[in-house]
Every structure is written in C-alpha cells, then in structure tokens.
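Trainee: Have a peek at data21.txt (compact mmCIF, C-alpha atoms).
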```txt
# COMPACT_ATOMS: atom_id res chain seq x y z
CA MET A 86 -0.92 28.97 22.65
CA PHE A 87 -4.45 27.99 21.57
CA ASN A 88 -7.57 30.13 21.79
CA GLN A 89 -10.73 28.77 23.40
CA ASN A 90 -12.36 27.77 20.09
CA GLU A 91 -9.28 25.76 19.13
CA LYS A 92 -9.19 24.02 22.51
CA ASP A 93 -12.91 23.24 22.29
CA ALA A 94 -12.38 21.75 18.83
CA ILE A 95 -9.62 19.44 20.06
CA TYR A 96 -11.73 18.09 22.90
CA LYS A 97 -14.75 17.75 20.62
CA VAL A 98 -12.77 15.55 18.22
CA ILE A 99 -11.40 13.43 21.09
CA GLU A 100 -14.88 12.85 22.53
CA ASN A 101 -16.61 12.19 19.19
CA ARG A 102 -14.05 9.88 17.53
CA ARG A 103 -15.52 6.42 16.99
CA ASP A 104 -14.46 3.01 15.72
CA VAL A 105 -16.60 2.69 12.58
CA ARG A 106 -17.59 -0.47 10.68
CA SER A 107 -19.77 0.81 7.81
CA PHE A 108 -18.36 2.79 4.89
CA LEU A 109 -19.41 4.40 1.64
CA SER A 110 -17.51 3.82 -1.59
CA LYS A 111 -16.95 7.58 -2.04
CA PRO A 112 -13.25 8.16 -2.85
CA ILE A 113 -10.96 9.99 -0.45
CA PRO A 114 -9.12 13.02 -1.86
CA GLU A 115 -5.37 12.43 -1.98
CA SER A 116 -4.73 15.68 -0.10
CA VAL A 117 -6.93 14.53 2.79
CA LEU A 118 -5.21 11.14 2.95
CA GLN A 119 -1.84 12.89 3.00
CA ARG A 120 -2.90 15.09 5.94
CA ILE A 121 -4.02 12.02 7.89
CA LEU A 122 -0.71 10.27 7.22
CA GLU A 123 1.18 13.41 8.22
CA ALA A 124 -0.77 13.44 11.48
CA GLY A 125 0.31 9.87 12.13
CA HIS A 126 3.91 10.67 11.27
CA HIS A 127 3.87 13.53 13.78
CA GLY A 128 2.95 11.17 16.60
CA PRO A 129 5.34 11.06 19.56
CA SER A 130 7.85 8.22 19.63
CA VAL A 131 10.19 7.14 22.38
CA GLY A 132 13.78 8.00 21.48
CA PHE A 133 12.35 9.60 18.31
CA MET A 134 12.62 6.13 16.75
CA GLN A 135 9.56 6.65 14.47
CA PRO A 136 9.07 2.88 14.07
CA TRP A 137 5.99 3.07 11.85
CA ASN A 138 5.30 2.43 8.17
CA PHE A 139 1.96 2.87 6.41
CA ILE A 140 0.87 0.41 3.71
CA ILE A 141 -1.98 1.99 1.70
CA ILE A 142 -4.30 -0.73 0.39
CA THR A 143 -6.71 0.13 -2.42
CA SER A 144 -6.76 -3.20 -4.30
CA ASP A 145 -10.11 -5.01 -3.99
CA LYS A 146 -8.32 -8.32 -4.40
CA ILE A 147 -6.03 -7.66 -1.45
CA LYS A 148 -8.95 -6.36 0.63
CA GLU A 149 -10.80 -9.63 -0.04
CA ARG A 150 -7.81 -11.61 1.21
CA LEU A 151 -7.53 -9.46 4.32
CA ALA A 152 -11.27 -9.86 4.93
CA TRP A 153 -10.83 -13.63 4.69
CA ALA A 154 -8.03 -13.49 7.30
CA THR A 155 -10.10 -11.38 9.69
CA ASP A 156 -13.26 -13.47 9.33
CA LYS A 157 -11.29 -16.68 9.88
CA GLU A 158 -9.91 -15.29 13.14
CA ARG A 159 -13.29 -13.95 14.25
CA ARG A 160 -14.85 -17.40 13.89
CA ALA A 161 -11.93 -18.96 15.77
CA LEU A 162 -12.30 -16.45 18.62
CA ALA A 163 -16.05 -17.06 18.93
CA ILE A 164 -15.46 -20.34 20.79
CA HIS A 165 -14.25 -18.33 23.79
CA TYR A 166 -17.76 -16.97 24.35
CA GLU A 167 -21.04 -18.68 25.09
CA ASN A 168 -24.73 -18.16 24.40
CA GLU A 169 -25.84 -14.53 24.02
CA ARG A 170 -22.31 -13.12 24.32
CA GLN A 171 -21.09 -15.41 21.53
CA GLN A 172 -23.91 -14.21 19.27
CA LYS A 173 -23.09 -10.58 20.04
CA PHE A 174 -19.48 -11.27 19.12
CA LEU A 175 -20.41 -12.95 15.84
CA ASN A 176 -22.74 -10.06 15.00
CA LEU A 177 -19.91 -7.53 15.19
CA LYS A 178 -19.56 -6.13 11.69
CA ILE A 179 -16.16 -6.57 10.01
CA GLU A 180 -17.20 -6.16 6.37
CA GLY A 181 -15.91 -2.58 6.50
CA ILE A 182 -12.51 -3.80 5.39
CA LYS A 183 -14.08 -4.56 1.98
CA GLU A 184 -16.39 -1.52 1.89
CA ALA A 185 -13.87 1.20 2.75
CA PRO A 186 -12.01 2.68 -0.23
CA ILE A 187 -8.73 2.52 1.70
CA THR A 188 -7.29 0.26 4.36
CA ILE A 189 -4.03 1.27 6.00
CA CYS A 190 -1.79 -1.35 7.53
CA VAL A 191 0.26 0.38 10.21
CA THR A 192 3.43 -1.53 11.00
CA CYS A 193 6.16 -1.33 13.61
CA ASP A 194 9.85 -1.95 12.93
CA PRO A 195 11.49 -3.01 16.23
CA THR A 196 14.96 -2.62 14.69
CA ARG A 197 14.60 0.98 13.56
CA GLY A 198 17.23 3.17 15.09
CA GLY A 199 19.58 0.27 15.71
CA SER A 200 20.25 -1.71 18.86
CA HIS A 201 20.47 1.33 21.17
CA VAL A 202 17.41 3.57 21.14
CA LEU A 203 16.82 5.92 24.03
CA GLY A 204 14.02 4.45 26.16
CA ARG A 205 13.60 1.24 24.15
CA ASN A 206 16.66 -0.27 25.83
CA SER A 207 14.82 -0.23 29.16
CA ILE A 208 11.26 -0.89 27.96
CA PRO A 209 11.28 -2.79 24.63
CA GLU A 210 7.55 -2.41 24.00
CA THR A 211 7.91 1.36 23.64
CA ASP A 212 8.19 0.78 19.88
CA VAL A 213 4.65 -0.64 19.79
CA LEU A 214 3.41 2.08 22.15
CA SER A 215 4.90 4.72 19.87
CA THR A 216 3.14 3.18 16.86
CA ALA A 217 -0.13 3.29 18.79
CA CYS A 218 0.38 7.04 19.27
CA ALA A 219 0.68 7.43 15.50
CA ILE A 220 -2.55 5.46 15.04
CA GLN A 221 -4.40 7.67 17.53
CA ASN A 222 -3.23 10.79 15.69
CA MET A 223 -4.53 9.35 12.41
CA TRP A 224 -7.86 8.48 14.03
CA LEU A 225 -8.34 11.99 15.42
CA ALA A 226 -7.30 13.57 12.12
CA SER A 227 -9.77 11.35 10.25
CA CYS A 228 -12.59 12.45 12.54
CA ALA A 229 -11.64 16.11 12.08
CA GLU A 230 -11.69 15.60 8.29
CA GLY A 231 -15.22 14.17 8.41
CA LEU A 232 -14.00 10.65 7.70
CA ALA A 233 -14.58 7.41 9.55
CA MET A 234 -11.89 4.99 10.64
CA GLY A 235 -12.17 1.46 12.00
CA TRP A 236 -9.49 -0.64 13.67
CA VAL A 237 -9.65 -4.25 12.48
CA SER A 238 -8.06 -6.33 15.23
CA PHE A 239 -9.05 -9.92 14.36
CA TYR A 240 -6.25 -11.55 12.35
CA LYS A 241 -3.16 -13.68 12.62
CA LYS A 242 -0.14 -11.50 12.02
CA ASN A 243 1.50 -14.08 9.78
CA ASP A 244 -1.58 -14.09 7.53
CA VAL A 245 -1.25 -10.33 7.09
CA ARG A 246 2.49 -10.63 6.55
CA ASP A 247 1.90 -13.18 3.80
CA ILE A 248 -0.85 -11.16 2.10
CA LEU A 249 1.10 -7.87 2.15
CA ASP A 250 4.63 -9.29 1.71
CA ILE A 251 5.74 -7.88 5.06
CA PRO A 252 9.18 -9.06 6.27
CA PRO A 253 9.17 -11.47 9.25
CA HIS A 254 10.66 -8.99 11.72
CA ILE A 255 8.09 -6.26 10.97
CA ASP A 256 5.03 -6.21 13.22
CA PRO A 257 1.67 -5.47 11.52
CA ILE A 258 0.12 -3.59 14.42
CA ALA A 259 -3.20 -2.55 12.89
CA LEU A 260 -5.45 -2.63 9.85
CA MET A 261 -7.26 0.71 9.74
CA SER A 262 -10.23 0.99 7.36
CA LEU A 263 -10.76 4.55 6.19
CA GLY A 264 -13.66 6.14 4.34
CA TYR A 265 -16.80 8.23 4.49
CA THR A 266 -19.87 6.88 6.27
CA ASP A 267 -23.55 7.66 6.74
CA GLN A 268 -23.64 5.63 9.97
CA TYR A 269 -21.35 7.49 12.37
CA PRO A 270 -22.34 6.24 15.85
CA ASP A 271 -23.13 8.52 18.79
CA LYS A 272 -21.58 5.99 21.17
CA PRO A 273 -18.86 3.37 20.81
CA ILE A 274 -20.29 0.33 19.02
CA LEU A 275 -19.42 -2.05 21.84
CA GLU A 276 -21.19 0.24 24.30
CA SER A 277 -24.38 0.63 22.27
CA SER A 278 -24.48 -3.13 21.58
CA GLY A 279 -24.35 -3.89 25.29
CA TRP A 280 -20.94 -5.57 25.14
CA GLU A 281 -19.37 -3.24 27.70
CA LYS A 282 -20.07 0.01 29.55
CA ARG A 283 -17.82 3.04 29.91
CA ARG A 284 -16.19 2.91 33.32
CA ALA A 285 -16.52 5.87 35.68
CA LEU A 286 -13.34 7.95 35.54
CA GLU A 287 -13.34 8.65 39.26
CA ASN A 288 -12.93 4.92 39.93
CA LEU A 289 -9.79 4.80 37.77
CA ILE A 290 -7.83 7.59 39.46
CA TYR A 291 -5.41 6.88 42.31
CA TYR A 292 -3.18 9.29 44.22
CA ASN A 293 0.47 8.69 44.99
CA ARG A 294 0.14 4.89 45.16
CA TRP A 295 -1.95 2.05 43.77
CA ASP A 296 -5.56 1.77 44.96
CA ASN A 297 -5.45 4.97 47.01
CA GLN A 298 -8.35 7.19 46.01
CA THR A 299 -7.88 9.73 48.79
CA LYS A 300 -6.03 12.92 48.05
CA GLU A 301 -3.24 13.42 50.55
```
Turn the structure described in the file into structure tokens.

Mentor:
Amino acid sequence: MFNQNEKDAIYKVIENRRDVRSFLSKPIPESVLQRILEAGHHGPSVGFMQPWNFIIITSDKIKERLAWATDKERRALAIHYENERQQKFLNLKIEGIKEAPITICVTCDPTRGGSHVLGRNSIPETDVLSTACAIQNMWLASCAEGLAMGWVSFYKKNDVRDILDIPPHIDPIALMSLGYTDQYPDKPILESSGWEKRRALENLIYYNRWDNQTKE
C-alpha cells in the first residue's frame, strides 16, 4: 500500500514531532491551515461520532485573554512543586499562545450523535479519546508541513468557555498554538529541561496479562 520512502516519511514525522513554545509571526497560508484541519477531521472516532470542532483564533485581543487564563493557572499549579522543580515549572514557556499567528481551540461535543453512539454507550470517555486522535493527526500534519504546534494545557475550562463563548456542555479539550519557528527542539522540551526522561519501551510491554514481561 505504501512504498518504503512513504513508510520512512511517516515514521520520521512521528519521531520528530515536538511540542513547541516559540513561534515566528510569519503568516500561515490558508491552504496549509486547511490541510491541517482536514487531517484532524480525518482522525478516527468511536462510532464515527466526530465530536470535534475547531475554533480558529487570530485575534490578538482574544489571544491576550487566553494567555491571561493560562498564566493564571500556571501560577496556581506552581504551589504543587517545591524548590528546583517549582522553578523549572515556572520557567516553562507559555508565551507562544501570544506569539503564534493562530491558536486552535479543539473542542469535544459529548452529545453529538445523540444518546446512543456505538462504543460511547459502554465507555463514555471515547468522545474525548476520539478528539485526542484528531489532535494527534493535526500535530503530525503540522510537522510534515514544516510548522510547529504547541499544546497549551494550563487553563480552567470555564475561563476558556467564557472567552470563546463556548456553550456549557462543550468541552474545550485543547488550545493548540500553530506557527513557524526557528527553535524546533531535537528532544521534547520536558526531556531536555530535565523534567522527565523517556521511559524504556521494553519496560512498558506486557504479554497476555498485566506485569508479565515474559513471552509465553
């Protein structure tokens, strides 16, 4: 189905995608943005519910309000850490939400498809998991397009609902900053900053039952 060059390209994008915090003001061509949104919209969804919406934010005024909401939450979260770890947390850069030419709020509608959606009846959180698949597709597409994307995860959902006029039942899953950058990291930022290390894959694989690492 795919030749070797195509397969190599897919794995290259997966391995090189990064969460980016620094952006240039260079505008994003509309055609490129559309391809990234199409990639998200082609993400898999349980019961084909397609629970996502994409709010494209270009207004500097709205970005400033979102930056306020994220910085407020970052400072509130800092009390959970002490000493050097607290300082590392506070040093994490979140100004990208103001720098990037576009921020995309990806939302999840838990009512889409009605009260009976295949799969969601048994596992309700499949709507959020499906939305996460759309986000991952967008992230990989952005990397392939030579763009950077950063997931802003510090905010109170009701703050974002108020700022973007999102209805109460809609879940704002992610704020994704999108733009070009001249600081694309070789490693994940939290790894290079010493916050966490990548775990060894072999320690995360079990066979047939939990905590069994012996092939049977």

Trainee: Using all atoms listed in the file, pick whichever of A:Met86, A:Val191, A:Leu203, A:Ile95 has the shortest atom-to-atom distance to A:Cys228.

Mentor: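 Looking only at the distances to A:Cys228, the closest residue turns out to be A:Ile95.
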
Trainee: Restricting the calculation to all atoms listed in the file: of A:Ile208, A:Tyr292, A:Met261, A:Ser238, which residue gets closest to A:Arg159?

Mentor: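 Residue with the minimum atom-to-atom distance to A:Arg159: A:Ser238.
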
Trainee: So how many Å separate atom CA of A:Asp256 and atom CA of A:Ile164, to one decimal?

Mentor: 26.0 Å

Trainee: Quick one: residues within 12 Å of A:Lys111, only C-alpha atoms counted, chain neighbours fewer than 5 positions away excluded, as a tab-separated table (two decimals) with C-alpha atoms, in the frame of the given file?

Mentor:
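Final output, saved to selection_19.tsv:
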```tsv
chain	number	residue	atom	x	y	z
A	184	GLU	CA	-16.39	-1.52	1.89
A	185	ALA	CA	-13.87	1.20	2.75
A	186	PRO	CA	-12.01	2.68	-0.23
A	187	ILE	CA	-8.73	2.52	1.70
A	232	LEU	CA	-14.00	10.65	7.70
A	233	ALA	CA	-14.58	7.41	9.55
A	263	LEU	CA	-10.76	4.55	6.19
A	264	GLY	CA	-13.66	6.14	4.34
A	265	TYR	CA	-16.80	8.23	4.49
A	266	THR	CA	-19.87	6.88	6.27
A	267	ASP	CA	-23.55	7.66	6.74
```

Trainee: One decimal, in Å: what's the spacing between atom CA of A:Ile99 and atom CA of A:Met223?

Mentor: 11.8 Å

Trainee: Find, counting all atoms listed in the file, the residue in A:Lys146, A:His201, A:Arg103, A:His165 that gets nearest to A:Leu249.

Mentor: A:Lys146

Trainee: Would you mind reading off the distance between atom CA of A:Ser144 and atom CA of A:Ala161, one decimal, in Å?

Mentor: 26.0 Å

Trainee: For A:His254, which residue among A:Thr196, A:Gln119, A:Thr299, A:Asn138 is the nearest when counting all atoms listed in the file?

Mentor: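 Among A:Thr196, A:Gln119, A:Thr299, A:Asn138, it is A:Thr196 that comes nearest to A:His254.
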